[in-house]
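Asks: I have a structure here, written as structure tokens, and I will follow up with some questions on it.
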Amino acid sequence: MSTFRITLSAGVAVTLLAAGATFAAKSQNAKSGAIERGKYLTTLMGCGDCHTPGTLCGVPDFKRQLSGSEMGWQMPNGVVYAANLTPDPETGLGKWSDAQIVQAIRTGNRPDGRQLAPIMPWMNYAALTDEDADAIVAYLRSIPAVKHAVPAPVAAGTEVQGPVLRMPPPSAWDVPPGSSGGH
Ligand code: HEC
């Protein structure tokens, strides 16, 4: 009888262990699945075009993938720089929560309250599903951290150091009524 009990509890323990291992394996698979999906999405959504240094000049530096760019974007109200998206805590997104990253991508709201320039296409990214937004965050957390502080935004009228992408003033067709068109 006691042998039977031992056999039974050993059997239960083995079953539980197996269930635990299956659960752990499943969540590991889910995590690597999310990272793969995030990699796929960030590639297709062109994050690297702006956020990987050199890409806009035709010489992407994949060793510093998504670590931000020195190339400024000129807008009517100043110059902005594509940010460091790697997990570096000082110069990248390392200290941002998942929710803060998703919010910046979908609404352009930074944790400090500043609204990102629409050059960062958050208006398009507003349509991301929760699952895809989480996958992008999982991928950004998985890439190597690169220490690289991109220049802070520069207010209009201030002299800018370094290269700047300057667009010609928009044609009348592109200018919203009541706007001077900037520049
Ligand atoms: C067309 C260029 C462009 C593309 C494509 C782009 N971004 Fe950006 N992104 C920018 C610029 C420029 C800024 C900074 C804007 C500002 O400071 O107002 C920025 C800022 C950000 C920020 C805020 C970070 C911070 O420290 O302020 C996040 C997060 C971000 N981008 C994520 C992404 C992700 C993820 C993708 C792809 C899904 C992406 N971006 C695609 C240009 C781009």
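Every chain in the structure tokens takes a letter, A first, then B, and so on in the order presented; its residues are numbered from 1, and the ligands are numbered from 1 following the presented order.
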Can you check which residues of range 5-180 of chain A DSSP gives as helix (DSSP H, G or I) on the backbone and send them as a PDB file with C-alpha atoms, in the first residue's frame?
Replies:
```pdb
ATOM      1  CA  ARG A   5       1.301   5.662  -2.525  1.00  0.00           C
ATOM      2  CA  ILE A   6       4.922   6.430  -3.229  1.00  0.00           C
ATOM      3  CA  THR A   7       4.516   5.366  -6.822  1.00  0.00           C
ATOM      4  CA  LEU A   8       1.418   7.527  -7.153  1.00  0.00           C
ATOM      5  CA  SER A   9       2.975  10.646  -5.666  1.00  0.00           C
ATOM      6  CA  ALA A  10       6.132  10.151  -7.700  1.00  0.00           C
ATOM      7  CA  GLY A  11       3.923   9.896 -10.775  1.00  0.00           C
ATOM      8  CA  VAL A  12       2.097  13.083  -9.851  1.00  0.00           C
ATOM      9  CA  ALA A  13       5.391  14.847  -9.223  1.00  0.00           C
ATOM     10  CA  VAL A  14       6.708  13.770 -12.605  1.00  0.00           C
ATOM     11  CA  THR A  15       3.517  14.986 -14.264  1.00  0.00           C
ATOM     12  CA  LEU A  16       3.748  18.332 -12.472  1.00  0.00           C
ATOM     13  CA  LEU A  17       7.399  18.702 -13.366  1.00  0.00           C
ATOM     14  CA  ALA A  18       6.625  17.940 -16.962  1.00  0.00           C
ATOM     15  CA  ALA A  19       3.779  20.477 -16.928  1.00  0.00           C
ATOM     16  CA  GLY A  20       6.111  23.093 -15.417  1.00  0.00           C
ATOM     17  CA  ALA A  21       8.764  22.420 -18.025  1.00  0.00           C
ATOM     18  CA  THR A  22       6.192  22.648 -20.812  1.00  0.00           C
ATOM     19  CA  PHE A  23       4.958  25.961 -19.391  1.00  0.00           C
ATOM     20  CA  ALA A  24       8.501  27.355 -19.156  1.00  0.00           C
ATOM     21  CA  ALA A  25       9.282  26.180 -22.673  1.00  0.00           C
ATOM     22  CA  LYS A  26       6.052  27.713 -23.969  1.00  0.00           C
ATOM     23  CA  SER A  27       6.728  31.106 -22.377  1.00  0.00           C
ATOM     24  CA  GLN A  28      10.321  30.995 -23.685  1.00  0.00           C
ATOM     25  CA  ASN A  29       8.940  30.249 -27.154  1.00  0.00           C
ATOM     26  CA  ALA A  30       6.403  33.063 -26.798  1.00  0.00           C
ATOM     27  CA  LYS A  31       9.213  35.470 -25.874  1.00  0.00           C
ATOM     28  CA  SER A  32      11.476  34.504 -28.772  1.00  0.00           C
ATOM     29  CA  GLY A  33       8.400  34.565 -31.048  1.00  0.00           C
ATOM     30  CA  ALA A  34       7.678  38.149 -29.948  1.00  0.00           C
ATOM     31  CA  ILE A  35      11.307  39.177 -30.540  1.00  0.00           C
ATOM     32  CA  GLU A  36      11.243  37.635 -34.038  1.00  0.00           C
ATOM     33  CA  ARG A  37       7.962  39.375 -34.829  1.00  0.00           C
ATOM     34  CA  GLY A  38       9.348  42.669 -33.486  1.00  0.00           C
ATOM     35  CA  LYS A  39      12.436  42.320 -35.655  1.00  0.00           C
ATOM     36  CA  TYR A  40      10.252  41.689 -38.691  1.00  0.00           C
ATOM     37  CA  LEU A  41       8.052  44.700 -37.917  1.00  0.00           C
ATOM     38  CA  THR A  42      10.866  47.158 -37.202  1.00  0.00           C
ATOM     39  CA  THR A  43      12.578  46.113 -40.439  1.00  0.00           C
ATOM     40  CA  LEU A  44       9.447  46.579 -42.528  1.00  0.00           C
ATOM     41  CA  CYS A  47      12.828  52.262 -38.015  1.00  0.00           C
ATOM     42  CA  GLY A  48      16.457  51.815 -39.036  1.00  0.00           C
ATOM     43  CA  ASP A  49      16.143  54.240 -41.955  1.00  0.00           C
ATOM     44  CA  CYS A  50      16.168  57.067 -39.461  1.00  0.00           C
ATOM     45  CA  HIS A  51      17.429  55.488 -36.220  1.00  0.00           C
ATOM     46  CA  THR A  55      21.380  54.883 -43.257  1.00  0.00           C
ATOM     47  CA  LEU A  56      20.074  58.156 -44.669  1.00  0.00           C
ATOM     48  CA  CYS A  57      23.478  58.736 -46.294  1.00  0.00           C
ATOM     49  CA  PHE A  62      24.599  47.890 -38.448  1.00  0.00           C
ATOM     50  CA  LYS A  63      27.141  47.491 -35.630  1.00  0.00           C
ATOM     51  CA  ARG A  64      25.422  50.473 -34.037  1.00  0.00           C
ATOM     52  CA  ASP A  98       7.338  49.116 -21.850  1.00  0.00           C
ATOM     53  CA  ALA A  99       4.221  51.313 -21.642  1.00  0.00           C
ATOM     54  CA  GLN A 100       6.259  54.511 -22.153  1.00  0.00           C
ATOM     55  CA  ILE A 101       7.917  53.097 -25.274  1.00  0.00           C
ATOM     56  CA  VAL A 102       4.571  51.958 -26.719  1.00  0.00           C
ATOM     57  CA  GLN A 103       3.052  55.364 -25.955  1.00  0.00           C
ATOM     58  CA  ALA A 104       5.886  57.215 -27.731  1.00  0.00           C
ATOM     59  CA  ILE A 105       5.586  54.974 -30.804  1.00  0.00           C
ATOM     60  CA  ARG A 106       1.782  55.237 -31.035  1.00  0.00           C
ATOM     61  CA  THR A 107       1.082  58.789 -29.847  1.00  0.00           C
ATOM     62  CA  TRP A 122       3.800  58.030 -34.870  1.00  0.00           C
ATOM     63  CA  MET A 123       0.642  59.141 -36.669  1.00  0.00           C
ATOM     64  CA  ASN A 124       0.935  56.044 -38.862  1.00  0.00           C
ATOM     65  CA  TYR A 125       2.084  53.857 -36.001  1.00  0.00           C
ATOM     66  CA  ASP A 130      -1.138  45.895 -28.693  1.00  0.00           C
ATOM     67  CA  GLU A 131       0.467  42.613 -29.690  1.00  0.00           C
ATOM     68  CA  ASP A 132       2.602  44.173 -32.413  1.00  0.00           C
ATOM     69  CA  ALA A 133       3.554  47.149 -30.221  1.00  0.00           C
ATOM     70  CA  ASP A 134       4.653  44.712 -27.469  1.00  0.00           C
ATOM     71  CA  ALA A 135       6.635  42.690 -30.027  1.00  0.00           C
ATOM     72  CA  ILE A 136       8.508  45.839 -31.129  1.00  0.00           C
ATOM     73  CA  VAL A 137       9.341  46.607 -27.488  1.00  0.00           C
ATOM     74  CA  ALA A 138      10.540  42.996 -26.941  1.00  0.00           C
ATOM     75  CA  TYR A 139      12.826  43.333 -29.959  1.00  0.00           C
ATOM     76  CA  LEU A 140      14.194  46.740 -28.908  1.00  0.00           C
ATOM     77  CA  ARG A 141      15.010  45.244 -25.481  1.00  0.00           C
ATOM     78  CA  SER A 142      16.899  42.354 -27.155  1.00  0.00           C
ATOM     79  CA  ALA A 172       1.665  76.174 -52.130  1.00  0.00           C
ATOM     80  CA  TRP A 173      -0.213  72.917 -52.655  1.00  0.00           C
ATOM     81  CA  ASP A 174       1.430  71.413 -49.537  1.00  0.00           C
TER      82      ASP A 174
END
```
